[in-house]
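*Asks:* Input: one structure, supplied below.
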Amino acid sequence: MNLEDASLLMGGPRIKFSLRKDEEEQGREILKKLETALLPAAASLSSALAEVERDGAAPVLPDGKVGGNGAVLLGDLDCPALLVSRSGKEKGHILRVPDDFALVTSFDRERWEAVYVPCGSDQTVKPTSDTPLLWAALVSSKKKGEGDAKDSRTAPPARFALHGHALERGSRGIHIPISDEETLFSTPEDVAALERLFDSAGYFPLHRTFIRRGHGFFILGEGSSEALETLRTVVVPQIAPAPSAATPPAPVAAEAGQQSWQ
């Protein structure tokens, strides 16, 4: 059991940062400005997260909610707006567009506070508890890492992130960069560990998949299709049980007119 599971079992909160809803007209203006891009981005993220859960990459945590989320970077780094999935997703629930999403317009590292506006009519929706890590992955680390990779000027930037609580102990058979320490989620220590991993392993596009020990995997991509391709080819094969030499393969039933050879 990891530190976060133990905390949730004791009734601890998922969200461990301050939230400030943008009640001013500015928040609604940002939503209106990004509406054309926001709706298809939310639809893509909803579909992608449904696949993450269906593939077993977003298990249910001790509080009964799904351990998986995602984000899409809208706008640019000078005026970033991060579209994120809601906090507290029920198992099997397909995220509604746009009601189950929030737009995070800033994240203050000193105050440990996110400013956000719900995207739909449900004003009770809060951004995912992993907002600090998603902001670090698609905004802060991108600003810091621009120019570090040899092909950073020619490669499309990472604008899409998927996170699931699978592979928290690492990968097998292939190398996926993994952090050393385990922390509670949504904390400054959690974000610092992810950023150290980016620094040591190399940020996107040198790597597209990272693992926070005791937390789970992060996939970065230019868009949903690239992120889902990484999910299908890198993460999902790691979730399937490793083949056992002691277990013989199941016999294949012969089709009509064919002989089954044992």
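Order determines the names: the first chain of the structure tokens is A, the second B, and so forth; residues in each chain are numbered 1 upward, and ligands are numbered 1 upward as they are shown.
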Please give the complete set of residues from region 1-213 of chain A that DSSP, run on the backbone, assigns to strand (DSSP E), formatted as a PyMOL selection string.
*Replies:* chain A and resi 18-21+68-76+79-85+101-108+113-118+160-164+209-212
*Asks:* Hey, could you make a per-residue contact list for region 4-58 of chain A against region 108-128 of chain A with 9 Å as the cut-off, showing the nearest pair of atoms and its distance in Å to one decimal, counting only C-alpha atoms, sorted by chain and number, as CSV?
*Replies:*
```
residue,atom,partner,partner_atom,distance
A:Arg14,CA,A:Thr128,CA,8.8
A:Ile15,CA,A:Thr128,CA,7.7
A:Lys16,CA,A:Trp112,CA,8.7
A:Phe17,CA,A:Trp112,CA,5.5
A:Ser18,CA,A:Glu113,CA,4.4
A:Leu19,CA,A:Ala114,CA,5.1
A:Arg20,CA,A:Val115,CA,4.8
A:Lys21,CA,A:Tyr116,CA,5.1
A:Asp22,CA,A:Val117,CA,5.5
A:Glu23,CA,A:Val117,CA,7.7
A:Gly27,CA,A:Val117,CA,6.2
A:Arg28,CA,A:Val117,CA,7.7
A:Leu31,CA,A:Cys119,CA,7.2
A:Leu38,CA,A:Cys119,CA,8.8
```
*Asks:* Please produce a file of the residues just selected, as a compact mmCIF listing (two decimals), in the first residue's frame, where the atoms kept are all heavy atoms.
*Replies:*
```txt
# COMPACT_ATOMS: atom_id res chain seq x y z
N ARG A 14 -8.23 14.15 -1.10
CA ARG A 14 -7.49 14.01 -2.35
C ARG A 14 -6.81 15.33 -2.70
O ARG A 14 -5.64 15.36 -3.03
CB ARG A 14 -8.44 13.61 -3.49
CG ARG A 14 -8.71 12.14 -3.62
CD ARG A 14 -9.20 11.81 -5.01
NE ARG A 14 -9.44 10.38 -5.19
CZ ARG A 14 -9.45 9.80 -6.37
NH1 ARG A 14 -9.23 10.49 -7.46
NH2 ARG A 14 -9.68 8.50 -6.47
N ILE A 15 -7.59 16.40 -2.68
CA ILE A 15 -7.07 17.71 -3.06
C ILE A 15 -6.32 18.32 -1.87
O ILE A 15 -6.91 18.56 -0.82
CB ILE A 15 -8.20 18.64 -3.52
CG1 ILE A 15 -8.85 18.09 -4.79
CG2 ILE A 15 -7.67 20.05 -3.77
CD1 ILE A 15 -10.02 18.90 -5.30
N LYS A 16 -5.03 18.57 -2.06
CA LYS A 16 -4.19 19.09 -0.98
C LYS A 16 -3.60 20.45 -1.36
O LYS A 16 -2.49 20.78 -0.97
CB LYS A 16 -3.09 18.10 -0.64
CG LYS A 16 -3.61 16.71 -0.26
CD LYS A 16 -2.47 15.76 0.03
CE LYS A 16 -2.96 14.34 0.22
NZ LYS A 16 -3.53 13.76 -1.02
N PHE A 17 -4.34 21.20 -2.15
CA PHE A 17 -3.95 22.56 -2.50
C PHE A 17 -5.18 23.44 -2.42
O PHE A 17 -6.32 22.94 -2.43
CB PHE A 17 -3.32 22.62 -3.90
CG PHE A 17 -4.17 22.01 -4.98
CD1 PHE A 17 -5.07 22.77 -5.72
CD2 PHE A 17 -4.08 20.65 -5.28
CE1 PHE A 17 -5.85 22.21 -6.71
CE2 PHE A 17 -4.86 20.08 -6.27
CZ PHE A 17 -5.75 20.86 -6.99
N SER A 18 -4.97 24.74 -2.32
CA SER A 18 -6.10 25.67 -2.23
C SER A 18 -6.73 25.85 -3.60
O SER A 18 -6.04 25.82 -4.63
CB SER A 18 -5.63 27.02 -1.69
OG SER A 18 -5.10 26.88 -0.39
N LEU A 19 -8.04 26.05 -3.60
CA LEU A 19 -8.77 26.29 -4.83
C LEU A 19 -9.45 27.66 -4.75
O LEU A 19 -10.05 27.99 -3.73
CB LEU A 19 -9.83 25.22 -5.05
CG LEU A 19 -9.35 23.86 -5.54
CD1 LEU A 19 -10.48 22.84 -5.46
CD2 LEU A 19 -8.82 23.95 -6.96
N ARG A 20 -9.32 28.42 -5.81
CA ARG A 20 -10.02 29.71 -5.88
C ARG A 20 -10.75 29.79 -7.21
O ARG A 20 -10.13 29.83 -8.26
CB ARG A 20 -9.04 30.88 -5.72
CG ARG A 20 -9.72 32.24 -5.79
CD ARG A 20 -8.84 33.33 -5.21
NE ARG A 20 -7.57 33.45 -5.88
CZ ARG A 20 -7.37 34.24 -6.95
NH1 ARG A 20 -8.38 34.91 -7.47
NH2 ARG A 20 -6.17 34.32 -7.50
N LYS A 21 -12.08 29.77 -7.11
CA LYS A 21 -12.87 29.86 -8.33
C LYS A 21 -12.82 31.29 -8.86
O LYS A 21 -12.97 32.25 -8.10
CB LYS A 21 -14.32 29.45 -8.07
CG LYS A 21 -15.15 29.32 -9.34
CD LYS A 21 -16.62 29.09 -9.03
CE LYS A 21 -16.86 27.77 -8.35
NZ LYS A 21 -18.32 27.51 -8.17
N ASP A 22 -12.60 31.41 -10.16
CA ASP A 22 -12.55 32.72 -10.79
C ASP A 22 -13.98 33.22 -10.96
O ASP A 22 -14.68 32.88 -11.91
CB ASP A 22 -11.85 32.63 -12.16
CG ASP A 22 -11.54 33.99 -12.75
OD1 ASP A 22 -12.15 34.98 -12.30
OD2 ASP A 22 -10.69 34.07 -13.64
N GLU A 23 -14.43 34.01 -9.99
CA GLU A 23 -15.81 34.51 -9.99
C GLU A 23 -15.96 35.76 -10.84
O GLU A 23 -17.08 36.23 -11.08
CB GLU A 23 -16.25 34.82 -8.55
CG GLU A 23 -16.15 33.65 -7.60
CD GLU A 23 -17.29 32.66 -7.75
OE1 GLU A 23 -18.10 32.83 -8.69
OE2 GLU A 23 -17.37 31.72 -6.93
N GLY A 27 -12.72 35.20 -15.97
CA GLY A 27 -12.78 33.76 -16.17
C GLY A 27 -13.73 33.37 -17.28
O GLY A 27 -13.43 32.51 -18.11
N ARG A 28 -14.90 34.00 -17.31
CA ARG A 28 -15.88 33.72 -18.36
C ARG A 28 -15.38 34.19 -19.72
O ARG A 28 -15.66 33.58 -20.75
CB ARG A 28 -17.21 34.39 -18.02
CG ARG A 28 -17.92 33.74 -16.85
CD ARG A 28 -18.32 32.31 -17.19
NE ARG A 28 -18.46 31.48 -15.99
CZ ARG A 28 -18.65 30.18 -16.03
NH1 ARG A 28 -18.68 29.55 -17.19
NH2 ARG A 28 -18.78 29.48 -14.92
N LEU A 31 -13.08 31.54 -21.00
CA LEU A 31 -13.86 30.41 -21.49
C LEU A 31 -14.44 30.70 -22.88
O LEU A 31 -14.39 29.86 -23.78
CB LEU A 31 -15.00 30.09 -20.53
CG LEU A 31 -14.71 29.12 -19.38
CD1 LEU A 31 -15.97 28.91 -18.55
CD2 LEU A 31 -14.21 27.78 -19.90
N LEU A 38 -11.95 24.49 -26.84
CA LEU A 38 -12.22 23.78 -25.60
C LEU A 38 -13.12 22.57 -25.79
O LEU A 38 -12.84 21.48 -25.26
CB LEU A 38 -12.84 24.74 -24.58
CG LEU A 38 -13.04 24.23 -23.15
CD1 LEU A 38 -12.91 25.38 -22.16
CD2 LEU A 38 -14.41 23.56 -22.98
```
*Asks:* Could you go through region 8-159 of chain A and tell me which residues DSSP, when run on the backbone, assigns to helix (DSSP H, G or I), listing them as a ChimeraX atom specification?
*Replies:* /A:8-9,25-33,35-54,131-145
*Asks:* For CA of Asn69 (chain A) and CA of Glu29 (chain A), determine how far apart the two atoms are, in Å to one decimal place.
*Replies:*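 Answer for the CA of Asn69 (chain A) to CA of Glu29 (chain A) separation: 25.5 Å.
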*Asks:* For Pro80 (chain A), please output as a PyMOL selection string all residues within 9 Å (counting only C-alpha atoms; exclusion window: fewer than 5 positions along the same chain).
*Replies:* chain A and resi 73-75+104-106+139
*Asks:* Show me, as a PyMOL selection string, the residues that have an atom within 9 Å of Val191 (chain A) when counting only C-alpha atoms, minus same-chain residues fewer than 5 positions from it.
*Replies:* chain A and resi 132-133+136+185-186+196
*Asks:* Take the residues from that selection and write them out as a PDB file, in the first residue's frame, keeping C-alpha atoms.
*Replies:*
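So the final result, stored in result.pdb, reads:
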```pdb
ATOM      1  CA  PRO A 132      -0.297  20.620  -9.646  1.00  0.00           C
ATOM      2  CA  LEU A 133       1.464  17.781 -11.496  1.00  0.00           C
ATOM      3  CA  ALA A 136       4.086  21.169 -13.961  1.00  0.00           C
ATOM      4  CA  PHE A 185      -0.154  13.135  -3.959  1.00  0.00           C
ATOM      5  CA  SER A 186      -0.809  16.781  -4.885  1.00  0.00           C
ATOM      6  CA  ARG A 196      13.553  16.122 -10.864  1.00  0.00           C
TER       7      ARG A 196
END
```
*Asks:* Mind checking which residues fall within 10 Å of Gly56 (chain A), counting only C-alpha atoms, ignoring those fewer than 2 positions away in the same chain, and posting them as a tab-separated table (two decimals) with all heavy atoms, in the first residue's frame?
*Replies:*
```
chain	number	residue	atom	x	y	z
A	51	GLU	N	-10.79	5.22	-22.27
A	51	GLU	CA	-9.93	4.12	-22.71
A	51	GLU	C	-8.90	3.76	-21.63
A	51	GLU	O	-8.61	2.58	-21.41
A	51	GLU	CB	-9.21	4.48	-24.01
A	51	GLU	CG	-8.35	3.36	-24.54
A	51	GLU	CD	-7.85	3.59	-25.96
A	51	GLU	OE1	-8.48	4.38	-26.70
A	51	GLU	OE2	-6.82	2.98	-26.33
A	52	VAL	N	-8.35	4.76	-20.97
A	52	VAL	CA	-7.40	4.50	-19.88
A	52	VAL	C	-8.05	3.62	-18.81
A	52	VAL	O	-7.45	2.64	-18.35
A	52	VAL	CB	-6.91	5.84	-19.26
A	52	VAL	CG1	-6.13	5.57	-17.97
A	52	VAL	CG2	-6.05	6.60	-20.24
A	53	GLU	N	-9.27	3.96	-18.43
A	53	GLU	CA	-9.96	3.17	-17.41
A	53	GLU	C	-10.32	1.78	-17.94
A	53	GLU	O	-10.16	0.78	-17.23
A	53	GLU	CB	-11.23	3.90	-16.96
A	53	GLU	CG	-11.97	3.17	-15.85
A	53	GLU	CD	-13.21	3.91	-15.39
A	53	GLU	OE1	-13.43	5.06	-15.81
A	53	GLU	OE2	-13.99	3.32	-14.60
A	54	ARG	N	-10.79	1.71	-19.16
A	54	ARG	CA	-11.19	0.43	-19.75
A	54	ARG	C	-10.01	-0.54	-19.84
A	54	ARG	O	-10.17	-1.75	-19.68
A	54	ARG	CB	-11.78	0.68	-21.14
A	54	ARG	CG	-12.39	-0.54	-21.80
A	54	ARG	CD	-13.19	-0.16	-23.03
A	54	ARG	NE	-12.39	0.49	-24.05
A	54	ARG	CZ	-12.52	1.77	-24.41
A	54	ARG	NH1	-13.41	2.54	-23.82
A	54	ARG	NH2	-11.76	2.27	-25.37
A	58	ALA	N	-6.37	2.87	-14.86
A	58	ALA	CA	-6.86	3.82	-13.86
A	58	ALA	C	-7.70	3.07	-12.84
A	58	ALA	O	-8.93	3.06	-12.91
A	58	ALA	CB	-7.68	4.93	-14.53
A	59	PRO	N	-7.06	2.41	-11.88
A	59	PRO	CA	-7.79	1.60	-10.90
A	59	PRO	C	-8.60	2.45	-9.93
A	59	PRO	O	-8.36	3.65	-9.79
A	59	PRO	CB	-6.66	0.86	-10.17
A	59	PRO	CG	-5.48	1.77	-10.29
A	59	PRO	CD	-5.60	2.41	-11.64
A	60	VAL	N	-9.54	1.82	-9.27
A	60	VAL	CA	-10.33	2.50	-8.24
A	60	VAL	C	-9.50	2.56	-6.96
A	60	VAL	O	-8.92	1.56	-6.53
A	60	VAL	CB	-11.66	1.76	-7.99
A	60	VAL	CG1	-12.42	2.40	-6.83
A	60	VAL	CG2	-12.51	1.76	-9.25
A	164	GLY	N	-2.46	7.79	-15.02
A	164	GLY	CA	-3.18	6.71	-14.38
A	164	GLY	C	-2.35	6.14	-13.25
A	164	GLY	O	-1.12	6.22	-13.26
A	165	HIS	N	-3.00	5.55	-12.27
A	165	HIS	CA	-2.29	5.07	-11.09
A	165	HIS	C	-1.77	3.65	-11.24
A	165	HIS	O	-1.48	2.98	-10.25
A	165	HIS	CB	-3.20	5.19	-9.86
A	165	HIS	CG	-3.44	6.61	-9.45
A	165	HIS	ND1	-3.73	6.99	-8.16
A	165	HIS	CD2	-3.42	7.77	-10.16
A	165	HIS	CE1	-3.89	8.30	-8.10
A	165	HIS	NE2	-3.71	8.79	-9.31
A	166	ALA	N	-1.63	3.18	-12.48
A	166	ALA	CA	-0.99	1.90	-12.74
A	166	ALA	C	0.52	2.11	-12.86
A	166	ALA	O	1.00	3.23	-13.01
A	166	ALA	CB	-1.54	1.29	-14.03
A	236	VAL	N	-0.16	-0.23	-21.64
A	236	VAL	CA	-1.08	-1.36	-21.53
A	236	VAL	C	-0.36	-2.71	-21.53
A	236	VAL	O	-0.71	-3.59	-20.72
A	236	VAL	CB	-2.14	-1.30	-22.65
A	236	VAL	CG1	-2.99	-2.58	-22.66
A	236	VAL	CG2	-3.05	-0.09	-22.45
A	239	ILE	N	0.63	-3.61	-18.10
A	239	ILE	CA	-0.43	-3.92	-17.13
A	239	ILE	C	-0.83	-5.38	-17.20
A	239	ILE	O	-1.14	-6.00	-16.19
A	239	ILE	CB	-1.66	-3.02	-17.39
A	239	ILE	CG1	-1.28	-1.55	-17.19
A	239	ILE	CG2	-2.82	-3.40	-16.47
A	239	ILE	CD1	-2.37	-0.59	-17.58
A	240	ALA	N	-0.80	-5.96	-18.40
A	240	ALA	CA	-1.17	-7.36	-18.57
A	240	ALA	C	-0.23	-8.24	-17.74
A	240	ALA	O	0.96	-7.95	-17.63
A	240	ALA	CB	-1.10	-7.75	-20.04
```
*Asks:* For the contact check between region 1-67 of chain A and region 208-219 of chain A, emit one row per residue of region 1-67 of chain A within 12 Å, containing the shortest atom pair and the distance in Å rounded to one decimal, counting only C-alpha atoms, chain then rising number order, as JSON lines.
*Replies:*
```
{"residue": "A:Met1", "atom": "CA", "partner": "A:Gly214", "partner_atom": "CA", "distance": 8.6}
{"residue": "A:Asn2", "atom": "CA", "partner": "A:Gly214", "partner_atom": "CA", "distance": 5.7}
{"residue": "A:Leu3", "atom": "CA", "partner": "A:Gly214", "partner_atom": "CA", "distance": 7.5}
{"residue": "A:Glu4", "atom": "CA", "partner": "A:His215", "partner_atom": "CA", "distance": 8.0}
{"residue": "A:Asp5", "atom": "CA", "partner": "A:Gly214", "partner_atom": "CA", "distance": 9.5}
{"residue": "A:Ala6", "atom": "CA", "partner": "A:Gly214", "partner_atom": "CA", "distance": 11.6}
{"residue": "A:Ala48", "atom": "CA", "partner": "A:Ile219", "partner_atom": "CA", "distance": 11.6}
{"residue": "A:Leu49", "atom": "CA", "partner": "A:Ile219", "partner_atom": "CA", "distance": 11.9}
{"residue": "A:Val52", "atom": "CA", "partner": "A:Ile219", "partner_atom": "CA", "distance": 11.1}
{"residue": "A:Ala57", "atom": "CA", "partner": "A:Phe217", "partner_atom": "CA", "distance": 8.8}
{"residue": "A:Ala58", "atom": "CA", "partner": "A:Gly216", "partner_atom": "CA", "distance": 9.1}
{"residue": "A:Pro59", "atom": "CA", "partner": "A:Gly216", "partner_atom": "CA", "distance": 10.4}
{"residue": "A:Leu61", "atom": "CA", "partner": "A:His215", "partner_atom": "CA", "distance": 11.3}
{"residue": "A:Gly67", "atom": "CA", "partner": "A:Gly216", "partner_atom": "CA", "distance": 9.0}
```
*Asks:* Could you save those same residues with N, CA, C and O atoms as a tab-separated table (two decimals), in the first residue's frame?
*Replies:*
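Contents of selection_37.tsv, freshly written:
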```tsv
chain	number	residue	atom	x	y	z
A	1	MET	N	0.85	-1.19	0.00
A	1	MET	CA	0.00	0.00	0.00
A	1	MET	C	0.89	1.25	0.00
A	1	MET	O	1.83	1.34	0.78
A	2	ASN	N	0.58	2.20	-0.90
A	2	ASN	CA	1.38	3.42	-0.94
A	2	ASN	C	0.88	4.44	0.08
A	2	ASN	O	-0.13	4.24	0.75
A	3	LEU	N	1.61	5.54	0.20
A	3	LEU	CA	1.29	6.55	1.21
A	3	LEU	C	-0.09	7.17	0.98
A	3	LEU	O	-0.83	7.43	1.92
A	4	GLU	N	-0.43	7.40	-0.29
A	4	GLU	CA	-1.71	8.04	-0.60
A	4	GLU	C	-2.88	7.12	-0.26
A	4	GLU	O	-3.89	7.56	0.29
A	5	ASP	N	-2.77	5.83	-0.60
A	5	ASP	CA	-3.84	4.88	-0.28
A	5	ASP	C	-4.08	4.84	1.23
A	5	ASP	O	-5.23	4.81	1.69
A	6	ALA	N	-3.00	4.83	2.00
A	6	ALA	CA	-3.13	4.81	3.45
A	6	ALA	C	-3.83	6.08	3.94
A	6	ALA	O	-4.68	6.03	4.84
A	48	ALA	N	-10.33	9.64	-24.30
A	48	ALA	CA	-9.04	9.05	-23.93
A	48	ALA	C	-9.07	8.49	-22.51
A	48	ALA	O	-8.56	7.39	-22.25
A	49	LEU	N	-9.68	9.21	-21.58
A	49	LEU	CA	-9.72	8.74	-20.20
A	49	LEU	C	-10.64	7.53	-20.05
A	49	LEU	O	-10.40	6.68	-19.18
A	52	VAL	N	-8.35	4.76	-20.97
A	52	VAL	CA	-7.40	4.50	-19.88
A	52	VAL	C	-8.05	3.62	-18.81
A	52	VAL	O	-7.45	2.64	-18.35
A	57	ALA	N	-5.78	0.89	-16.60
A	57	ALA	CA	-4.67	1.78	-16.23
A	57	ALA	C	-5.08	2.83	-15.21
A	57	ALA	O	-4.24	3.62	-14.77
A	58	ALA	N	-6.37	2.87	-14.86
A	58	ALA	CA	-6.86	3.82	-13.86
A	58	ALA	C	-7.70	3.07	-12.84
A	58	ALA	O	-8.93	3.06	-12.91
A	59	PRO	N	-7.06	2.41	-11.88
A	59	PRO	CA	-7.79	1.60	-10.90
A	59	PRO	C	-8.60	2.45	-9.93
A	59	PRO	O	-8.36	3.65	-9.79
A	61	LEU	N	-9.44	3.73	-6.34
A	61	LEU	CA	-8.65	3.94	-5.13
A	61	LEU	C	-9.50	3.69	-3.88
A	61	LEU	O	-10.71	3.50	-3.98
A	67	GLY	N	-8.62	6.35	-10.09
A	67	GLY	CA	-7.29	6.95	-10.03
A	67	GLY	C	-6.75	7.21	-11.42
A	67	GLY	O	-5.87	6.49	-11.91
```
*Asks:* Nearest to Thr230 (chain A): which of A:His207, A:Phe107, A:Leu45, A:Ala193 is it, counting only C-alpha atoms?
*Replies:*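 For Thr230 (chain A), the nearest of the candidates is A:His207.
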*Asks:* Please identify all polymer residues within 12 Å of Ser200 (chain A), counting only C-alpha atoms, omitting same-chain residues fewer than 5 positions from it, and present them as a list in words.
*Replies:*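 Contacts, with the query itself left out: Gly145, Asp148, Pro177, Ile178, Ser179, Asp180, Ala193, Leu194, Glu195, Leu206, His207 and Phe210 of chain A.
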*Asks:* Write to file, as a CSV table (one decimal), in the first residue's frame, the residues of the selection just made, with N, CA and C atoms.
*Replies:*
```csv
chain,number,residue,atom,x,y,z
A,145,GLY,N,12.2,23.7,-19.8
A,145,GLY,CA,12.9,22.8,-20.6
A,145,GLY,C,13.1,23.2,-22.1
A,148,ASP,N,16.2,22.4,-24.3
A,148,ASP,CA,17.1,21.4,-23.7
A,148,ASP,C,17.3,20.2,-24.7
A,177,PRO,N,11.4,5.9,-17.4
A,177,PRO,CA,12.0,6.7,-16.3
A,177,PRO,C,11.1,6.7,-15.1
A,178,ILE,N,11.7,6.5,-13.9
A,178,ILE,CA,10.9,6.4,-12.7
A,178,ILE,C,11.6,7.2,-11.6
A,179,SER,N,10.8,7.9,-10.8
A,179,SER,CA,11.4,8.7,-9.7
A,179,SER,C,11.8,7.8,-8.6
A,180,ASP,N,12.7,8.3,-7.7
A,180,ASP,CA,13.1,7.5,-6.6
A,180,ASP,C,12.2,7.5,-5.4
A,193,ALA,N,9.4,16.0,-7.1
A,193,ALA,CA,9.9,14.7,-7.5
A,193,ALA,C,9.7,14.5,-9.0
A,194,LEU,N,8.5,14.9,-9.6
A,194,LEU,CA,8.3,14.8,-11.0
A,194,LEU,C,9.2,15.7,-11.8
A,195,GLU,N,9.4,16.9,-11.3
A,195,GLU,CA,10.3,17.8,-12.0
A,195,GLU,C,11.8,17.3,-12.0
A,206,LEU,N,12.2,13.8,-25.6
A,206,LEU,CA,13.2,12.7,-25.4
A,206,LEU,C,12.5,11.5,-24.8
A,207,HIS,N,11.6,11.7,-23.9
A,207,HIS,CA,10.7,10.7,-23.3
A,207,HIS,C,9.3,11.1,-23.3
A,210,PHE,N,6.6,8.7,-18.2
A,210,PHE,CA,7.3,8.8,-17.0
A,210,PHE,C,6.5,8.1,-15.9
```
